[in-house]
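Only one structure is covered here, and it is reproduced in the block below.
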Amino acid sequence: NKAIGLCFFNNVVIGAYHAINKYGMESVSIVDLDVNHGHGSEDIVSGDDRVLFCSTLQHQFYPISVADSIASNIINAPLAGGATGSAFREAVDHYWLPRLEAFAPQLILVSAGFDAHQADDMGGLNLVDADYAWVTRRICAQAQRSASGRVVSSLEGGYELHSLARSVEAHLKAFLGD
């Protein structure tokens with residue numbers, strides 16, 4: 001009901017509900033890769049068992065606080081400022097992947113924010129290009145198992161242009177199996 005921060009539109013959530021309402025999909029996952037919490041996405045889908053929302057975020061960054069959601073379809077994996085790719089990968093392995101496997105989405109939508117890159121001073125996380133390729137391969141593997149390979153990625157952030165370009169390239173190459 002209000003815009004907070006940098007994100008005013010919610011294209012990925014619109015896409016999720018379009019897939020559900022127009023194409024009859026019964027399970028859609030949204031995976032939010034970003035330094036910021038996807039609070040708008042979470043607010044919209046919270047409590048809707050047709051949508052599983054998985055988010056990594058720099059905790060105690062932006063927005064100022066993130067409370068643990070009481071909705072069973074929300075999986076937040078907060079990362080401390082300074083977290084590296086190993087902490088990110090551990091969070092994805094521990095929080096996201098088991099829930100994605102159990103949920104078996106028919107479509108996975110990626111809110112692809114690359115501002116958690118170590119070269120991007122928008123936040124304070126230390127991911128590198130290889131971390132984005134790694135998580136993309138995990139997302140695609142799940143999509144192969146449950147969604148006939150259906151994955152849609154929407155660019156949503158990254159403010160240091162060189163690291164953004166490299167991260168997007170790594171993301172796209174991972175989609176292509178490189």
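Just so we're on the same page: first chain in the structure tokens is A, next is B, and so on; residues restart at 1 for each chain, and ligands are numbered from 1 in the order they show up.
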
Counting only C-alpha atoms, which residues of range 70-175 of chain A fall within 10 Å of range 11-30 of chain A, and what is the closest atom pair for each with its distance in Å at one decimal, ordered by chain and rising number, as a Markdown table?
| residue | atom | partner | partner_atom | distance |
| --- | --- | --- | --- | --- |
| A:Asn73 | CA | A:Ser29 | CA | 9.4 |
| A:Ile74 | CA | A:Ile30 | CA | 9.8 |
| A:Leu100 | CA | A:Ser29 | CA | 7.6 |
| A:Phe103 | CA | A:Ser27 | CA | 7.4 |
| A:Ala104 | CA | A:Ser27 | CA | 7.2 |
| A:Pro105 | CA | A:Ser27 | CA | 4.8 |
| A:Gln106 | CA | A:Ser27 | CA | 5.5 |
| A:Leu107 | CA | A:Val28 | CA | 5.0 |
| A:Ile108 | CA | A:Ser29 | CA | 4.8 |
| A:Leu109 | CA | A:Ile30 | CA | 4.8 |
| A:Val110 | CA | A:Ile30 | CA | 5.8 |
| A:Ser111 | CA | A:Val12 | CA | 6.6 |
| A:Ala112 | CA | A:Val12 | CA | 9.9 |
| A:Ala143 | CA | A:Ser29 | CA | 9.9 |
| A:Ser146 | CA | A:Ser27 | CA | 9.9 |
| A:Ala147 | CA | A:Val28 | CA | 9.1 |
| A:Val151 | CA | A:Ser29 | CA | 9.6 |
| A:Val152 | CA | A:Val12 | CA | 8.9 |
| A:Ser153 | CA | A:Val12 | CA | 8.5 |
| A:Ser154 | CA | A:Val12 | CA | 7.1 |
| A:Leu155 | CA | A:Val12 | CA | 9.9 |
| A:Glu156 | CA | A:Asn11 | CA | 9.5 |

Open item on the list: Could you go through range 15-164 of chain A and tell me which residues DSSP, when run on the backbone, assigns to strand (DSSP E or B), listing them as number ranges by chain?
Closed with: A: 28-33, 51-58, 74-79, 84, 107-113, 117, 126-127, 151-157

Which residues of range 6-33 of chain A come within 12 Å of range 78-94 of chain A, and for each one, what is the closest pair of atoms and their distance in Å to one decimal, counting only C-alpha atoms, sorted by chain and residue number, as a tab-separated table?
residue	atom	partner	partner_atom	distance
A:Val31	CA	A:Val92	CA	10.2
A:Asp32	CA	A:Val92	CA	11.1
A:Leu33	CA	A:Phe88	CA	10.0

Write the residues of the preceding selection, restricted to N, CA and C atoms, as a short mmCIF file (atom, residue, chain, number, x, y, z; two decimals), in the first residue's frame.
data_model
loop_
_atom_site.label_atom_id
_atom_site.label_comp_id
_atom_site.auth_asym_id
_atom_site.auth_seq_id
_atom_site.Cartn_x
_atom_site.Cartn_y
_atom_site.Cartn_z
N VAL A 31 12.04 -16.06 -6.74
CA VAL A 31 13.35 -16.09 -6.10
C VAL A 31 13.92 -14.68 -6.23
N ASP A 32 14.17 -14.05 -5.10
CA ASP A 32 14.62 -12.66 -5.07
C ASP A 32 16.09 -12.60 -4.68
N LEU A 33 16.96 -12.30 -5.65
CA LEU A 33 18.40 -12.14 -5.43
C LEU A 33 18.66 -10.65 -5.33
#

Atom pair CA of Arg99 in chain A + CA of Ala174 in chain A, distance 21.7 Å

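Taking only C-alpha atoms, the non-local environment of Leu161 in chain A within 12 Å (same-chain residues fewer than 3 positions away omitted) comprises Phe114, Asp115, His117, Ala119, Asp120, Asp121, Met122, Gly157, Gly158, Leu164, Ala165, Arg166, Ser167 and Val168 of chain A.
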
Kindly export the residues of the current selection with N, CA and C atoms, as a short mmCIF file (atom, residue, chain, number, x, y, z; two decimals), in the first residue's frame.
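Okay, this is what ended up in again38.cif:
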data_model
loop_
_atom_site.label_atom_id
_atom_site.label_comp_id
_atom_site.auth_asym_id
_atom_site.auth_seq_id
_atom_site.Cartn_x
_atom_site.Cartn_y
_atom_site.Cartn_z
N PHE A 114 21.57 -7.55 -8.87
CA PHE A 114 23.00 -7.86 -8.80
C PHE A 114 23.76 -6.85 -7.95
N ASP A 115 23.05 -6.15 -7.07
CA ASP A 115 23.68 -5.15 -6.22
C ASP A 115 24.33 -5.73 -4.97
N HIS A 117 26.82 -7.62 -5.32
CA HIS A 117 28.19 -7.85 -5.81
C HIS A 117 29.17 -7.03 -4.98
N ALA A 119 31.69 -5.35 -5.78
CA ALA A 119 32.10 -4.09 -6.40
C ALA A 119 30.99 -3.03 -6.37
N ASP A 120 29.79 -3.42 -5.99
CA ASP A 120 28.65 -2.49 -5.99
C ASP A 120 28.53 -1.88 -4.60
N ASP A 121 28.71 -0.59 -4.51
CA ASP A 121 28.68 0.06 -3.19
C ASP A 121 27.27 0.42 -2.72
N MET A 122 26.25 -0.06 -3.43
CA MET A 122 24.87 0.18 -2.99
C MET A 122 24.61 -0.53 -1.66
N GLY A 157 18.21 -4.85 -10.54
CA GLY A 157 19.16 -4.01 -9.84
C GLY A 157 20.59 -4.38 -10.12
N GLY A 158 21.44 -3.48 -9.71
CA GLY A 158 22.88 -3.54 -9.94
C GLY A 158 23.27 -2.15 -10.39
N LEU A 164 27.83 -5.29 -12.83
CA LEU A 164 26.49 -5.64 -13.31
C LEU A 164 26.60 -6.41 -14.62
N ALA A 165 27.39 -5.89 -15.55
CA ALA A 165 27.53 -6.55 -16.85
C ALA A 165 28.10 -7.95 -16.70
N ARG A 166 29.14 -8.10 -15.88
CA ARG A 166 29.74 -9.43 -15.68
C ARG A 166 28.78 -10.39 -14.99
N SER A 167 28.04 -9.89 -14.01
CA SER A 167 27.10 -10.74 -13.26
C SER A 167 25.95 -11.19 -14.16
N VAL A 168 25.43 -10.29 -14.96
CA VAL A 168 24.36 -10.65 -15.89
C VAL A 168 24.88 -11.67 -16.90
#

One decimal place gives the CA of Ser41 in chain A-CA of Asn10 in chain A separation as 6.8 Å

Across A:Asn76, A:Cys140, A:Asp43, A:Asp129, the smallest distance to Glu169 in chain A, with only C-alpha atoms counted, is shown by A:Asp129

Using DSSP secondary structure from the backbone, list all helix (DSSP H, G or I) positions within range 55-142 of chain A, as number ranges by chain.
A: 85-103, 129-142

Generate a file of the selected residues that holds N, CA, C and O atoms, formatted as a short mmCIF file (atom, residue, chain, number, x, y, z; two decimals), in the first residue's frame.
data_model
loop_
_atom_site.label_atom_id
_atom_site.label_comp_id
_atom_site.auth_asym_id
_atom_site.auth_seq_id
_atom_site.Cartn_x
_atom_site.Cartn_y
_atom_site.Cartn_z
N GLY A 85 30.25 -14.93 -0.73
CA GLY A 85 29.55 -15.93 -1.51
C GLY A 85 29.34 -17.23 -0.76
O GLY A 85 28.32 -17.90 -0.95
N SER A 86 30.25 -17.60 0.11
CA SER A 86 30.06 -18.86 0.84
C SER A 86 28.86 -18.75 1.78
O SER A 86 28.10 -19.72 1.91
N ALA A 87 28.66 -17.62 2.43
CA ALA A 87 27.48 -17.43 3.30
C ALA A 87 26.21 -17.41 2.46
O ALA A 87 25.19 -17.99 2.86
N PHE A 88 26.26 -16.78 1.31
CA PHE A 88 25.12 -16.75 0.39
C PHE A 88 24.76 -18.16 -0.06
O PHE A 88 23.60 -18.57 0.00
N ARG A 89 25.76 -18.91 -0.48
CA ARG A 89 25.52 -20.28 -0.96
C ARG A 89 24.97 -21.16 0.16
O ARG A 89 24.07 -21.97 -0.07
N GLU A 90 25.50 -21.00 1.35
CA GLU A 90 25.01 -21.77 2.49
C GLU A 90 23.54 -21.43 2.78
O GLU A 90 22.73 -22.32 3.04
N ALA A 91 23.19 -20.15 2.70
CA ALA A 91 21.80 -19.74 2.94
C ALA A 91 20.87 -20.32 1.88
O ALA A 91 19.78 -20.81 2.19
N VAL A 92 21.28 -20.26 0.63
CA VAL A 92 20.46 -20.82 -0.46
C VAL A 92 20.29 -22.33 -0.26
O VAL A 92 19.18 -22.86 -0.36
N ASP A 93 21.40 -23.02 0.03
CA ASP A 93 21.33 -24.47 0.25
C ASP A 93 20.43 -24.82 1.44
O ASP A 93 19.68 -25.80 1.38
N HIS A 94 20.54 -24.06 2.50
CA HIS A 94 19.82 -24.37 3.74
C HIS A 94 18.35 -23.94 3.70
O HIS A 94 17.47 -24.69 4.10
N TYR A 95 18.09 -22.74 3.24
CA TYR A 95 16.73 -22.18 3.30
C TYR A 95 15.92 -22.40 2.04
O TYR A 95 14.76 -22.81 2.10
N TRP A 96 16.49 -22.09 0.88
CA TRP A 96 15.71 -22.11 -0.36
C TRP A 96 15.52 -23.49 -0.96
O TRP A 96 14.40 -23.89 -1.29
N LEU A 97 16.63 -24.17 -1.21
CA LEU A 97 16.56 -25.37 -2.05
C LEU A 97 15.65 -26.46 -1.49
O LEU A 97 14.87 -27.04 -2.27
N PRO A 98 15.68 -26.75 -0.20
CA PRO A 98 14.73 -27.76 0.30
C PRO A 98 13.27 -27.35 0.11
O PRO A 98 12.43 -28.18 -0.24
N ARG A 99 12.98 -26.08 0.32
CA ARG A 99 11.59 -25.61 0.15
C ARG A 99 11.18 -25.59 -1.31
O ARG A 99 10.04 -25.93 -1.64
N LEU A 100 12.08 -25.20 -2.19
CA LEU A 100 11.77 -25.24 -3.62
C LEU A 100 11.50 -26.67 -4.08
O LEU A 100 10.56 -26.92 -4.84
N GLU A 101 12.32 -27.59 -3.62
CA GLU A 101 12.15 -29.00 -3.98
C GLU A 101 10.79 -29.51 -3.50
O GLU A 101 10.05 -30.16 -4.25
N ALA A 102 10.44 -29.21 -2.26
CA ALA A 102 9.16 -29.67 -1.71
C ALA A 102 7.98 -28.99 -2.38
O ALA A 102 6.94 -29.61 -2.61
N PHE A 103 8.12 -27.72 -2.73
CA PHE A 103 7.03 -26.96 -3.35
C PHE A 103 6.81 -27.37 -4.79
O PHE A 103 5.69 -27.36 -5.29
N ASP A 129 30.76 -12.73 -9.48
CA ASP A 129 30.06 -13.24 -10.67
C ASP A 129 29.76 -14.74 -10.55
O ASP A 129 28.66 -15.19 -10.88
N ALA A 130 30.71 -15.50 -10.05
CA ALA A 130 30.55 -16.95 -9.94
C ALA A 130 29.41 -17.33 -8.99
O ALA A 130 28.77 -18.37 -9.18
N ASP A 131 29.13 -16.50 -8.00
CA ASP A 131 28.01 -16.79 -7.09
C ASP A 131 26.68 -16.69 -7.82
O ASP A 131 25.77 -17.49 -7.59
N TYR A 132 26.57 -15.73 -8.72
CA TYR A 132 25.33 -15.60 -9.50
C TYR A 132 25.18 -16.76 -10.47
O TYR A 132 24.07 -17.27 -10.67
N ALA A 133 26.28 -17.20 -11.07
CA ALA A 133 26.21 -18.38 -11.95
C ALA A 133 25.80 -19.61 -11.14
O ALA A 133 24.95 -20.39 -11.58
N TRP A 134 26.38 -19.77 -9.95
CA TRP A 134 26.08 -20.91 -9.10
C TRP A 134 24.59 -20.97 -8.76
O TRP A 134 23.95 -22.01 -8.92
N VAL A 135 24.03 -19.86 -8.27
CA VAL A 135 22.62 -19.87 -7.88
C VAL A 135 21.71 -20.05 -9.09
O VAL A 135 20.68 -20.71 -9.01
N THR A 136 22.10 -19.50 -10.22
CA THR A 136 21.30 -19.68 -11.44
C THR A 136 21.26 -21.15 -11.84
O THR A 136 20.20 -21.66 -12.21
N ARG A 137 22.39 -21.83 -11.75
CA ARG A 137 22.40 -23.27 -12.07
C ARG A 137 21.49 -24.04 -11.11
O ARG A 137 20.79 -24.98 -11.52
N ARG A 138 21.47 -23.68 -9.84
CA ARG A 138 20.58 -24.35 -8.87
C ARG A 138 19.12 -24.10 -9.19
O ARG A 138 18.29 -25.00 -9.12
N ILE A 139 18.81 -22.86 -9.56
CA ILE A 139 17.43 -22.52 -9.92
C ILE A 139 17.01 -23.29 -11.17
O ILE A 139 15.91 -23.87 -11.23
N CYS A 140 17.88 -23.33 -12.16
CA CYS A 140 17.57 -24.05 -13.40
C CYS A 140 17.41 -25.55 -13.16
O CYS A 140 16.56 -26.19 -13.79
N ALA A 141 18.22 -26.11 -12.28
CA ALA A 141 18.09 -27.54 -11.96
C ALA A 141 16.72 -27.82 -11.36
O ALA A 141 16.07 -28.82 -11.71
N GLN A 142 16.27 -26.95 -10.46
CA GLN A 142 14.93 -27.13 -9.89
C GLN A 142 13.86 -26.98 -10.96
O GLN A 142 12.90 -27.74 -11.01
#

Glu42 in chain A surroundings by only C-alpha atoms, 9 Å radius, close-in-sequence under 6 positions cut, as a list in words: Phe53, Cys54, Ser55, Ser69 and Ile74 of chain A

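Using only C-alpha atoms, the smallest distance between any of A:Asn126, A:Thr56, A:Gln144, A:Gln118 and His39 in chain A comes from A:Thr56.
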